[in-house]
Amino acid sequence: MKRLILFRHAKSDWDDPVARDFDRPLNRRGEKAALVMGEFAKARDLHFDMVVASPAVRVVETLNVFFTGYGEVIDPHWDRRIYLASPPTLFDVIRDLPDSAGSVLMSGHNPGLEELVLDLVPDDGASPLREDVEVKFPTASIAVMDLPIEHWSEAKPNIATLASFTRPRDLDPALGPGSR
């Protein structure tokens with residue numbers, strides 16, 4: 001059994017006049033959400049053998065703040081393929097993961113992460129959490145999936161169980177839509 005934990009970057013600052021989308025930083029709400037989600041991951045005893053992430057500034061900053069809340073830093077493997085990736089590219093990243101990692105945290109962007117959950121978890125009505133993801137995978141949300149595989153190379157659509165899906169607003173209503 002492998003565990004894949006998807007973590008979308010926190011809210012970024014659209015008001016920052018950066019030249020490239022890749023360089024867009026977090027805003028204050030994003031920093032708060034990343035910290036809350038790190039504290040949540042620690043409280044839930046989520047463990048990661050490996051972190052693989054997009055090297056975009058907003059993901060780097062999200063993970064830095066997340067690990068502050070988590071209380072432990074795991075050095076990410078930065079994989080540029082994750083930046084704004086589609087599910088087929090994300091499957092390639094997953095299939096390239098080392099089998100020594102039983103639990104992997106992948107941090108990146110939408111719509112790719114949301115679509116990846118919807119591809120991995122069967123649409124058979126058995127998971128109300130899947131329906132929540134289908135509505136929206138907000139910034140700084142975490143989806144935990146279990147895959148009944150021995151090797152990451154065996155990852156394919158419709159095999160995962162969505163163990164949990166947590167949005168920042170589930171932990172702090174001030175981090176919900178419309179707040180700043």
# chains A, B, ... in the order shown; residues from 1 in each chain; ligands from 1
>>> residues_around(residues="Ser164 of chain A", least_positions_apart="5", cutoff="10 Å", atoms="only C-alpha atoms", output="PyMOL selection string")
chain A and resi 5+127+129-130+142-146
>>> closest_atom_pairs(of="segment 76-140 of chain A", to="segment 48-70 of chain A", cutoff="10 Å", atoms="only C-alpha atoms", output="tab-separated table")
residue	atom	partner	partner_atom	distance
A:Pro76	CA	A:Val51	CA	4.7
A:His77	CA	A:Val52	CA	4.7
A:Trp78	CA	A:Ala53	CA	5.0
A:Asp79	CA	A:Ser54	CA	5.4
A:Arg80	CA	A:Ser54	CA	5.5
A:Arg81	CA	A:Ser54	CA	7.2
A:Ile82	CA	A:Ser54	CA	4.9
A:Tyr83	CA	A:Ser54	CA	5.0
A:Leu84	CA	A:Ser54	CA	8.4
A:Ala85	CA	A:Ser54	CA	9.2
A:Val93	CA	A:Val52	CA	8.7
A:Ile94	CA	A:Val52	CA	9.3
A:Leu97	CA	A:Val52	CA	8.8
A:Pro98	CA	A:Met50	CA	9.1
A:Ser100	CA	A:Asp49	CA	8.2
A:Ala101	CA	A:Asp49	CA	5.2
A:Gly102	CA	A:Asp49	CA	6.4
A:Ser103	CA	A:Phe48	CA	5.1
A:Val104	CA	A:Met50	CA	4.9
A:Leu105	CA	A:Val51	CA	4.7
A:Met106	CA	A:Val52	CA	4.9
A:Ser107	CA	A:Ala53	CA	4.6
A:Gly108	CA	A:Ser54	CA	5.3
A:His109	CA	A:Ser54	CA	8.0
A:Ala140	CA	A:Thr62	CA	8.0
>>> write_last_selection(atoms="C-alpha atoms", output="CSV table (one decimal), in the first residue's frame")
chain,number,residue,atom,x,y,z
A,76,PRO,CA,11.5,18.6,-1.0
A,77,HIS,CA,12.6,17.2,-4.3
A,78,TRP,CA,11.8,20.0,-6.7
A,79,ASP,CA,10.3,18.7,-9.9
A,80,ARG,CA,9.6,21.3,-12.6
A,81,ARG,CA,7.2,18.9,-14.3
A,82,ILE,CA,4.7,19.6,-11.5
A,83,TYR,CA,4.4,23.3,-12.4
A,84,LEU,CA,0.9,23.7,-13.9
A,85,ALA,CA,0.9,20.0,-14.9
A,93,VAL,CA,5.9,12.1,-11.7
A,94,ILE,CA,4.2,9.5,-9.4
A,97,LEU,CA,8.8,8.0,-7.3
A,98,PRO,CA,11.2,5.6,-5.5
A,100,SER,CA,11.4,3.2,-0.8
A,101,ALA,CA,8.9,6.0,-0.1
A,102,GLY,CA,5.7,4.6,1.2
A,103,SER,CA,4.1,7.9,1.8
A,104,VAL,CA,4.7,10.9,-0.4
A,105,LEU,CA,3.5,14.5,-0.1
A,106,MET,CA,3.1,16.1,-3.6
A,107,SER,CA,2.6,19.9,-3.6
A,108,GLY,CA,1.6,21.8,-6.7
A,109,HIS,CA,-1.2,23.5,-8.6
A,140,ALA,CA,-3.9,24.9,0.8
>>> closest_atom_pairs(of="segment 47-126 of chain A", to="segment 154-158 of chain A", cutoff="8 Å", atoms="only C-alpha atoms", output="CSV")
residue,atom,partner,partner_atom,distance
A:Phe91,CA,A:Ala155,CA,7.2
A:Ile94,CA,A:Ala155,CA,7.1
A:Arg95,CA,A:Ala155,CA,6.3
A:Asp119,CA,A:Pro157,CA,5.1
A:Leu120,CA,A:Pro157,CA,4.4
A:Val121,CA,A:Asn158,CA,4.9
A:Pro122,CA,A:Asn158,CA,4.4
A:Asp123,CA,A:Asn158,CA,7.8
>>> select_by_dssp(residues="chain A", states="alpha helix (DSSP H)", output="short mmCIF file (atom, residue, chain, number, x, y, z; two decimals) with all heavy atoms, in the first residue's frame")
data_model
loop_
_atom_site.label_atom_id
_atom_site.label_comp_id
_atom_site.auth_asym_id
_atom_site.auth_seq_id
_atom_site.Cartn_x
_atom_site.Cartn_y
_atom_site.Cartn_z
N ARG A 28 -0.98 37.16 2.68
CA ARG A 28 -1.04 36.90 4.13
C ARG A 28 -2.00 35.75 4.46
O ARG A 28 -1.72 34.92 5.31
CB ARG A 28 -1.47 38.16 4.88
CG ARG A 28 -0.34 39.14 5.02
CD ARG A 28 -0.69 40.18 6.09
NE ARG A 28 0.41 41.10 6.21
CZ ARG A 28 0.35 42.37 5.89
NH1 ARG A 28 -0.78 42.89 5.45
NH2 ARG A 28 1.40 43.15 6.02
N ARG A 29 -3.16 35.73 3.79
CA ARG A 29 -4.12 34.65 4.03
C ARG A 29 -3.50 33.30 3.66
O ARG A 29 -3.71 32.31 4.34
CB ARG A 29 -5.40 34.91 3.23
CG ARG A 29 -6.45 33.86 3.43
CD ARG A 29 -7.74 34.27 2.74
NE ARG A 29 -8.48 33.10 2.36
CZ ARG A 29 -9.29 33.02 1.34
NH1 ARG A 29 -9.47 34.06 0.56
NH2 ARG A 29 -9.94 31.92 1.08
N GLY A 30 -2.73 33.27 2.59
CA GLY A 30 -2.07 32.05 2.18
C GLY A 30 -1.06 31.58 3.22
O GLY A 30 -0.97 30.38 3.52
N GLU A 31 -0.31 32.52 3.78
CA GLU A 31 0.66 32.16 4.82
C GLU A 31 -0.05 31.57 6.03
O GLU A 31 0.40 30.56 6.59
CB GLU A 31 1.48 33.38 5.21
CG GLU A 31 2.44 33.84 4.12
CD GLU A 31 3.10 35.17 4.41
OE1 GLU A 31 2.77 35.80 5.45
OE2 GLU A 31 3.95 35.58 3.60
N LYS A 32 -1.16 32.19 6.43
CA LYS A 32 -1.91 31.70 7.58
C LYS A 32 -2.47 30.30 7.30
O LYS A 32 -2.39 29.41 8.15
CB LYS A 32 -3.04 32.67 7.93
CG LYS A 32 -3.81 32.24 9.16
CD LYS A 32 -4.88 33.24 9.56
CE LYS A 32 -5.63 32.74 10.79
NZ LYS A 32 -6.75 33.60 11.15
N ALA A 33 -3.01 30.11 6.11
CA ALA A 33 -3.59 28.80 5.76
C ALA A 33 -2.51 27.72 5.73
O ALA A 33 -2.73 26.60 6.23
CB ALA A 33 -4.29 28.88 4.41
N ALA A 34 -1.34 28.02 5.18
CA ALA A 34 -0.26 27.04 5.13
C ALA A 34 0.19 26.64 6.53
O ALA A 34 0.44 25.46 6.80
CB ALA A 34 0.92 27.59 4.32
N LEU A 35 0.25 27.61 7.44
CA LEU A 35 0.63 27.33 8.83
C LEU A 35 -0.42 26.44 9.50
O LEU A 35 -0.08 25.43 10.14
CB LEU A 35 0.79 28.64 9.60
CG LEU A 35 1.29 28.50 11.04
CD1 LEU A 35 2.72 27.96 11.07
CD2 LEU A 35 1.22 29.84 11.76
N VAL A 36 -1.69 26.78 9.33
CA VAL A 36 -2.79 26.00 9.91
C VAL A 36 -2.77 24.57 9.38
O VAL A 36 -2.96 23.61 10.13
CB VAL A 36 -4.15 26.70 9.63
CG1 VAL A 36 -5.32 25.77 9.88
CG2 VAL A 36 -4.28 27.96 10.47
N MET A 37 -2.52 24.41 8.09
CA MET A 37 -2.50 23.08 7.50
C MET A 37 -1.29 22.27 7.99
O MET A 37 -1.39 21.05 8.16
CB MET A 37 -2.53 23.16 5.97
CG MET A 37 -3.82 23.77 5.43
SD MET A 37 -5.35 23.02 6.05
CE MET A 37 -5.40 21.52 5.07
N GLY A 38 -0.17 22.93 8.23
CA GLY A 38 0.98 22.24 8.81
C GLY A 38 0.68 21.75 10.23
O GLY A 38 1.02 20.62 10.59
N GLU A 39 0.04 22.60 11.01
CA GLU A 39 -0.35 22.22 12.37
C GLU A 39 -1.34 21.06 12.34
O GLU A 39 -1.27 20.13 13.14
CB GLU A 39 -0.94 23.42 13.11
CG GLU A 39 0.09 24.51 13.39
CD GLU A 39 -0.52 25.84 13.83
OE1 GLU A 39 -1.77 26.02 13.71
OE2 GLU A 39 0.24 26.71 14.28
N PHE A 40 -2.28 21.12 11.39
CA PHE A 40 -3.26 20.05 11.21
C PHE A 40 -2.56 18.73 10.86
O PHE A 40 -2.87 17.68 11.43
CB PHE A 40 -4.26 20.44 10.11
CG PHE A 40 -5.04 19.29 9.56
CD1 PHE A 40 -6.13 18.78 10.25
CD2 PHE A 40 -4.70 18.71 8.35
CE1 PHE A 40 -6.85 17.71 9.75
CE2 PHE A 40 -5.42 17.65 7.83
CZ PHE A 40 -6.50 17.15 8.54
N ALA A 41 -1.62 18.77 9.92
CA ALA A 41 -0.92 17.56 9.50
C ALA A 41 -0.16 16.94 10.68
O ALA A 41 -0.13 15.72 10.84
CB ALA A 41 0.03 17.87 8.34
N LYS A 42 0.43 17.78 11.51
CA LYS A 42 1.14 17.29 12.69
C LYS A 42 0.16 16.66 13.68
O LYS A 42 0.40 15.56 14.19
CB LYS A 42 1.92 18.44 13.36
CG LYS A 42 2.74 18.00 14.54
CD LYS A 42 3.83 17.05 14.12
CE LYS A 42 4.80 16.76 15.24
NZ LYS A 42 5.83 15.82 14.83
N ALA A 43 -0.95 17.35 13.93
CA ALA A 43 -1.96 16.85 14.87
C ALA A 43 -2.56 15.53 14.39
O ALA A 43 -2.89 14.66 15.21
CB ALA A 43 -3.06 17.89 15.08
N VAL A 57 7.49 29.76 -6.87
CA VAL A 57 7.69 30.50 -5.62
C VAL A 57 6.55 30.26 -4.64
O VAL A 57 6.78 30.03 -3.44
CB VAL A 57 7.87 32.01 -5.91
CG1 VAL A 57 7.81 32.84 -4.64
CG2 VAL A 57 9.19 32.25 -6.65
N ARG A 58 5.31 30.26 -5.11
CA ARG A 58 4.18 30.10 -4.19
C ARG A 58 4.15 28.71 -3.54
O ARG A 58 3.69 28.56 -2.42
CB ARG A 58 2.86 30.43 -4.87
CG ARG A 58 2.51 29.62 -6.09
CD ARG A 58 1.30 30.28 -6.79
NE ARG A 58 0.91 29.64 -8.03
CZ ARG A 58 1.43 29.89 -9.22
NH1 ARG A 58 2.41 30.78 -9.35
NH2 ARG A 58 0.98 29.29 -10.30
N VAL A 59 4.67 27.70 -4.22
CA VAL A 59 4.76 26.36 -3.64
C VAL A 59 5.92 26.30 -2.64
O VAL A 59 5.76 25.76 -1.53
CB VAL A 59 4.91 25.28 -4.73
CG1 VAL A 59 5.10 23.90 -4.09
CG2 VAL A 59 3.72 25.28 -5.67
N VAL A 60 7.05 26.87 -2.99
CA VAL A 60 8.20 26.91 -2.08
C VAL A 60 7.80 27.61 -0.78
O VAL A 60 8.06 27.10 0.33
CB VAL A 60 9.40 27.62 -2.75
CG1 VAL A 60 10.53 27.83 -1.75
CG2 VAL A 60 9.89 26.83 -3.96
N GLU A 61 7.15 28.78 -0.90
CA GLU A 61 6.74 29.52 0.30
C GLU A 61 5.68 28.75 1.09
O GLU A 61 5.71 28.73 2.32
CB GLU A 61 6.22 30.90 -0.10
CG GLU A 61 7.32 31.82 -0.60
CD GLU A 61 6.83 33.22 -0.95
OE1 GLU A 61 5.61 33.49 -0.88
OE2 GLU A 61 7.68 34.05 -1.32
N THR A 62 4.75 28.11 0.40
CA THR A 62 3.72 27.31 1.07
C THR A 62 4.38 26.22 1.92
O THR A 62 4.03 26.05 3.10
CB THR A 62 2.76 26.67 0.05
OG1 THR A 62 2.04 27.70 -0.63
CG2 THR A 62 1.78 25.71 0.72
N LEU A 63 5.32 25.49 1.34
CA LEU A 63 5.97 24.41 2.08
C LEU A 63 6.80 24.94 3.24
O LEU A 63 6.82 24.33 4.32
CB LEU A 63 6.81 23.55 1.14
CG LEU A 63 5.99 22.66 0.20
CD1 LEU A 63 6.90 21.98 -0.81
CD2 LEU A 63 5.18 21.63 0.98
N ASN A 64 7.49 26.06 3.05
CA ASN A 64 8.28 26.64 4.15
C ASN A 64 7.40 26.94 5.35
O ASN A 64 7.74 26.62 6.49
CB ASN A 64 9.01 27.90 3.69
CG ASN A 64 10.19 27.59 2.79
OD1 ASN A 64 10.71 26.48 2.77
ND2 ASN A 64 10.62 28.59 2.04
N VAL A 65 6.24 27.56 5.12
CA VAL A 65 5.33 27.91 6.21
C VAL A 65 4.66 26.65 6.76
O VAL A 65 4.51 26.49 7.98
CB VAL A 65 4.29 28.95 5.75
CG1 VAL A 65 3.29 29.25 6.85
CG2 VAL A 65 4.98 30.23 5.29
N PHE A 66 4.25 25.74 5.88
CA PHE A 66 3.64 24.47 6.28
C PHE A 66 4.56 23.72 7.25
O PHE A 66 4.12 23.26 8.31
CB PHE A 66 3.37 23.62 5.03
CG PHE A 66 2.89 22.22 5.32
CD1 PHE A 66 1.55 21.96 5.53
CD2 PHE A 66 3.79 21.16 5.36
CE1 PHE A 66 1.10 20.66 5.77
CE2 PHE A 66 3.35 19.86 5.61
CZ PHE A 66 2.00 19.62 5.82
N PHE A 67 5.84 23.62 6.91
CA PHE A 67 6.77 22.88 7.77
C PHE A 67 7.02 23.59 9.09
O PHE A 67 7.32 22.94 10.09
CB PHE A 67 8.07 22.55 7.03
CG PHE A 67 7.90 21.44 6.03
CD1 PHE A 67 8.31 21.61 4.72
CD2 PHE A 67 7.32 20.24 6.39
CE1 PHE A 67 8.15 20.58 3.79
CE2 PHE A 67 7.16 19.21 5.48
CZ PHE A 67 7.58 19.38 4.18
N THR A 68 6.85 24.91 9.13
CA THR A 68 6.91 25.62 10.41
C THR A 68 5.79 25.11 11.32
O THR A 68 6.01 24.80 12.48
CB THR A 68 6.80 27.14 10.20
OG1 THR A 68 7.91 27.58 9.41
CG2 THR A 68 6.78 27.89 11.52
N GLY A 69 4.58 25.03 10.78
CA GLY A 69 3.45 24.51 11.55
C GLY A 69 3.58 23.04 11.87
O GLY A 69 3.17 22.57 12.93
N TYR A 70 4.17 22.28 10.97
CA TYR A 70 4.34 20.84 11.12
C TYR A 70 5.40 20.51 12.18
O TYR A 70 5.35 19.46 12.81
CB TYR A 70 4.73 20.25 9.76
CG TYR A 70 4.75 18.75 9.69
CD1 TYR A 70 3.58 18.00 9.78
CD2 TYR A 70 5.95 18.06 9.50
CE1 TYR A 70 3.59 16.62 9.69
CE2 TYR A 70 5.98 16.68 9.41
CZ TYR A 70 4.80 15.96 9.51
OH TYR A 70 4.82 14.59 9.41
N PRO A 87 -2.92 15.94 -15.43
CA PRO A 87 -2.84 14.62 -14.80
C PRO A 87 -1.89 13.64 -15.48
O PRO A 87 -1.15 12.93 -14.76
CB PRO A 87 -4.29 14.12 -14.82
CG PRO A 87 -5.08 15.39 -14.71
CD PRO A 87 -4.32 16.38 -15.56
N PRO A 88 -1.82 13.55 -16.82
CA PRO A 88 -0.85 12.61 -17.39
C PRO A 88 0.60 12.89 -16.96
O PRO A 88 1.35 11.96 -16.66
CB PRO A 88 -1.02 12.78 -18.90
CG PRO A 88 -2.44 13.24 -19.06
CD PRO A 88 -2.68 14.13 -17.87
N THR A 89 0.97 14.15 -16.86
CA THR A 89 2.31 14.51 -16.40
C THR A 89 2.47 14.17 -14.93
O THR A 89 3.52 13.65 -14.51
CB THR A 89 2.60 16.00 -16.65
OG1 THR A 89 2.47 16.25 -18.05
CG2 THR A 89 3.98 16.38 -16.18
N LEU A 90 1.45 14.43 -14.12
CA LEU A 90 1.52 14.11 -12.70
C LEU A 90 1.62 12.59 -12.49
O LEU A 90 2.33 12.13 -11.59
CB LEU A 90 0.32 14.69 -11.96
CG LEU A 90 0.28 16.22 -11.91
CD1 LEU A 90 -1.04 16.71 -11.33
CD2 LEU A 90 1.46 16.78 -11.13
N PHE A 91 0.93 11.81 -13.32
CA PHE A 91 1.08 10.35 -13.25
C PHE A 91 2.52 9.95 -13.55
O PHE A 91 3.06 9.05 -12.92
CB PHE A 91 0.12 9.64 -14.22
CG PHE A 91 -1.21 9.28 -13.61
CD1 PHE A 91 -2.35 9.98 -13.94
CD2 PHE A 91 -1.32 8.22 -12.71
CE1 PHE A 91 -3.58 9.65 -13.39
CE2 PHE A 91 -2.55 7.88 -12.15
CZ PHE A 91 -3.68 8.60 -12.49
N ASP A 92 3.15 10.62 -14.51
CA ASP A 92 4.57 10.34 -14.80
C ASP A 92 5.44 10.61 -13.57
O ASP A 92 6.33 9.81 -13.24
CB ASP A 92 5.07 11.20 -15.97
CG ASP A 92 4.53 10.76 -17.32
OD1 ASP A 92 4.01 9.62 -17.42
OD2 ASP A 92 4.62 11.56 -18.27
N VAL A 93 5.18 11.72 -12.90
CA VAL A 93 5.95 12.05 -11.69
C VAL A 93 5.73 10.96 -10.63
O VAL A 93 6.69 10.49 -10.01
CB VAL A 93 5.54 13.44 -11.14
CG1 VAL A 93 6.19 13.71 -9.78
CG2 VAL A 93 5.91 14.54 -12.14
N ILE A 94 4.49 10.56 -10.43
CA ILE A 94 4.17 9.53 -9.43
C ILE A 94 4.86 8.22 -9.78
O ILE A 94 5.47 7.57 -8.92
CB ILE A 94 2.64 9.33 -9.33
CG1 ILE A 94 1.99 10.59 -8.73
CG2 ILE A 94 2.30 8.10 -8.50
CD1 ILE A 94 0.47 10.64 -8.89
N ARG A 95 4.79 7.82 -11.03
CA ARG A 95 5.38 6.54 -11.44
C ARG A 95 6.90 6.54 -11.32
O ARG A 95 7.52 5.48 -11.26
CB ARG A 95 4.94 6.20 -12.86
CG ARG A 95 3.47 5.83 -12.94
CD ARG A 95 3.04 5.50 -14.36
NE ARG A 95 1.60 5.32 -14.43
CZ ARG A 95 0.78 6.00 -15.23
NH1 ARG A 95 1.27 6.90 -16.07
NH2 ARG A 95 -0.51 5.76 -15.21
N GLY A 112 -4.53 20.72 -12.13
CA GLY A 112 -3.92 19.40 -12.18
C GLY A 112 -4.14 18.53 -10.96
O GLY A 112 -4.48 17.35 -11.09
N LEU A 113 -3.95 19.09 -9.75
CA LEU A 113 -4.11 18.26 -8.55
C LEU A 113 -5.55 17.80 -8.39
O LEU A 113 -5.81 16.63 -8.07
CB LEU A 113 -3.64 19.01 -7.31
CG LEU A 113 -2.14 19.29 -7.20
CD1 LEU A 113 -1.82 19.94 -5.86
CD2 LEU A 113 -1.31 18.04 -7.38
N GLU A 114 -6.50 18.69 -8.60
CA GLU A 114 -7.91 18.33 -8.50
C GLU A 114 -8.25 17.22 -9.50
O GLU A 114 -8.88 16.22 -9.17
CB GLU A 114 -8.78 19.55 -8.75
CG GLU A 114 -10.27 19.27 -8.71
CD GLU A 114 -11.10 20.52 -8.90
OE1 GLU A 114 -10.75 21.58 -8.33
OE2 GLU A 114 -12.09 20.45 -9.64
N GLU A 115 -7.82 17.40 -10.72
CA GLU A 115 -8.09 16.41 -11.76
C GLU A 115 -7.41 15.09 -11.46
O GLU A 115 -7.95 14.01 -11.76
CB GLU A 115 -7.66 16.94 -13.13
CG GLU A 115 -8.52 18.11 -13.59
CD GLU A 115 -7.98 18.82 -14.83
OE1 GLU A 115 -6.88 18.45 -15.32
OE2 GLU A 115 -8.64 19.75 -15.30
N LEU A 116 -6.24 15.13 -10.83
CA LEU A 116 -5.54 13.90 -10.45
C LEU A 116 -6.35 13.11 -9.43
O LEU A 116 -6.49 11.89 -9.55
CB LEU A 116 -4.14 14.22 -9.91
CG LEU A 116 -3.29 13.01 -9.52
CD1 LEU A 116 -3.00 12.12 -10.72
CD2 LEU A 116 -1.99 13.48 -8.87
N VAL A 117 -6.89 13.80 -8.42
CA VAL A 117 -7.74 13.12 -7.44
C VAL A 117 -8.92 12.46 -8.15
O VAL A 117 -9.24 11.30 -7.91
CB VAL A 117 -8.25 14.10 -6.35
CG1 VAL A 117 -9.28 13.41 -5.45
CG2 VAL A 117 -7.11 14.64 -5.52
N LEU A 118 -9.56 13.22 -9.05
CA LEU A 118 -10.74 12.70 -9.74
C LEU A 118 -10.39 11.53 -10.66
O LEU A 118 -11.22 10.65 -10.89
CB LEU A 118 -11.44 13.82 -10.51
CG LEU A 118 -11.94 14.98 -9.64
CD1 LEU A 118 -12.56 16.07 -10.49
CD2 LEU A 118 -12.90 14.50 -8.56
N ASP A 119 -9.15 11.51 -11.17
CA ASP A 119 -8.70 10.38 -11.99
C ASP A 119 -8.37 9.16 -11.12
O ASP A 119 -8.66 8.02 -11.50
CB ASP A 119 -7.47 10.75 -12.81
CG ASP A 119 -7.79 11.59 -14.03
OD1 ASP A 119 -8.99 11.80 -14.34
OD2 ASP A 119 -6.83 12.05 -14.69
N LEU A 120 -7.75 9.39 -9.97
CA LEU A 120 -7.30 8.28 -9.12
C LEU A 120 -8.45 7.62 -8.36
O LEU A 120 -8.45 6.40 -8.17
CB LEU A 120 -6.25 8.76 -8.12
CG LEU A 120 -4.83 8.92 -8.66
CD1 LEU A 120 -3.96 9.71 -7.69
CD2 LEU A 120 -4.22 7.55 -8.93
N PRO A 128 -18.13 10.28 -0.68
CA PRO A 128 -18.67 11.64 -0.67
C PRO A 128 -17.56 12.70 -0.69
O PRO A 128 -17.75 13.81 -1.17
CB PRO A 128 -19.48 11.73 0.63
CG PRO A 128 -19.22 10.48 1.39
CD PRO A 128 -18.52 9.51 0.50
N LEU A 129 -16.37 12.31 -0.19
CA LEU A 129 -15.24 13.24 -0.23
C LEU A 129 -14.84 13.55 -1.67
O LEU A 129 -14.44 14.67 -1.98
CB LEU A 129 -14.04 12.66 0.52
CG LEU A 129 -14.18 12.49 2.03
CD1 LEU A 129 -12.95 11.82 2.61
CD2 LEU A 129 -14.43 13.83 2.69
N ARG A 130 -14.96 12.57 -2.56
CA ARG A 130 -14.64 12.79 -3.97
C ARG A 130 -15.55 13.88 -4.54
O ARG A 130 -15.12 14.72 -5.32
CB ARG A 130 -14.78 11.50 -4.78
CG ARG A 130 -14.31 11.65 -6.22
CD ARG A 130 -14.64 10.41 -7.05
NE ARG A 130 -14.04 10.49 -8.36
CZ ARG A 130 -14.51 11.21 -9.37
NH1 ARG A 130 -15.59 11.94 -9.22
NH2 ARG A 130 -13.88 11.22 -10.54
N GLU A 131 -16.81 13.85 -4.12
CA GLU A 131 -17.75 14.88 -4.58
C GLU A 131 -17.32 16.26 -4.10
O GLU A 131 -17.46 17.24 -4.83
CB GLU A 131 -19.16 14.54 -4.10
CG GLU A 131 -19.72 13.29 -4.74
CD GLU A 131 -21.03 12.84 -4.13
OE1 GLU A 131 -21.67 13.64 -3.41
OE2 GLU A 131 -21.42 11.68 -4.38
N ASP A 132 -16.78 16.35 -2.88
CA ASP A 132 -16.28 17.63 -2.37
C ASP A 132 -15.12 18.13 -3.24
O ASP A 132 -15.04 19.32 -3.55
CB ASP A 132 -15.81 17.51 -0.92
CG ASP A 132 -16.96 17.31 0.05
OD1 ASP A 132 -18.13 17.57 -0.33
OD2 ASP A 132 -16.69 16.88 1.19
N VAL A 133 -14.22 17.24 -3.61
CA VAL A 133 -13.09 17.61 -4.47
C VAL A 133 -13.61 18.05 -5.84
O VAL A 133 -13.11 19.01 -6.42
CB VAL A 133 -12.09 16.44 -4.63
CG1 VAL A 133 -11.03 16.77 -5.67
CG2 VAL A 133 -11.44 16.11 -3.30
N GLU A 134 -14.63 17.36 -6.32
CA GLU A 134 -15.20 17.69 -7.62
C GLU A 134 -15.78 19.10 -7.64
O GLU A 134 -15.71 19.80 -8.65
CB GLU A 134 -16.28 16.67 -7.98
CG GLU A 134 -16.59 16.58 -9.43
CD GLU A 134 -17.45 15.37 -9.76
OE1 GLU A 134 -17.66 14.49 -8.91
OE2 GLU A 134 -17.91 15.33 -10.91
N VAL A 135 -16.33 19.53 -6.51
CA VAL A 135 -16.85 20.90 -6.40
C VAL A 135 -15.71 21.89 -6.46
O VAL A 135 -15.74 22.86 -7.21
CB VAL A 135 -17.68 21.08 -5.10
CG1 VAL A 135 -18.01 22.54 -4.87
CG2 VAL A 135 -18.94 20.23 -5.16
N PRO A 168 -8.58 24.49 4.32
CA PRO A 168 -8.28 25.40 5.42
C PRO A 168 -9.54 25.90 6.13
O PRO A 168 -9.55 26.00 7.37
CB PRO A 168 -7.53 26.55 4.75
CG PRO A 168 -6.89 25.93 3.56
CD PRO A 168 -7.88 24.88 3.09
N ARG A 169 -10.61 26.17 5.39
CA ARG A 169 -11.84 26.68 6.02
C ARG A 169 -12.50 25.64 6.93
O ARG A 169 -13.29 26.00 7.79
CB ARG A 169 -12.81 27.16 4.95
CG ARG A 169 -13.45 26.06 4.15
CD ARG A 169 -14.52 26.63 3.22
NE ARG A 169 -15.13 25.61 2.44
CZ ARG A 169 -15.19 25.61 1.11
NH1 ARG A 169 -14.63 26.61 0.43
NH2 ARG A 169 -15.79 24.65 0.46
N ASP A 170 -12.16 24.35 6.75
CA ASP A 170 -12.68 23.32 7.65
C ASP A 170 -12.06 23.46 9.04
O ASP A 170 -12.64 23.01 10.03
CB ASP A 170 -12.36 21.92 7.12
CG ASP A 170 -13.01 21.63 5.78
OD1 ASP A 170 -14.07 22.22 5.47
OD2 ASP A 170 -12.44 20.82 5.02
N LEU A 171 -10.88 24.06 9.11
CA LEU A 171 -10.15 24.21 10.37
C LEU A 171 -10.31 25.60 10.97
O LEU A 171 -10.23 25.77 12.19
CB LEU A 171 -8.66 23.92 10.13
CG LEU A 171 -8.37 22.57 9.48
CD1 LEU A 171 -6.89 22.46 9.15
CD2 LEU A 171 -8.83 21.42 10.37
#
>>> select_by_dssp(residues="segment 20-144 of chain A", states="strand (DSSP E)", output="JSON, numbers by chain")
{"A": [50, 51, 52, 53, 77, 78, 103, 104, 105, 106, 107, 108, 142, 143, 144]}
>>> closest_residue(among="A:Phe137, A:Lys2, A:Asn27, A:Asp13", to="Ser153 of chain A", atoms="only C-alpha atoms")
A:Lys2
>>> closest_residue(among="A:Ile74, A:Pro177, A:Lys136, A:Asp124", to="Thr161 of chain A", atoms="only C-alpha atoms")
A:Asp124
>>> closest_residue(among="A:Arg3, A:Arg20, A:His9, A:Arg44", to="Ser141 of chain A", atoms="only C-alpha atoms")
A:His9
>>> atom_distance(atom1="atom CA of Pro138 of chain A", atom2="atom CA of Arg167 of chain A")
6.7 Å
>>> atom_distance(atom1="atom CA of Leu4 of chain A", atom2="atom CA of Ala174 of chain A")
27.8 Å
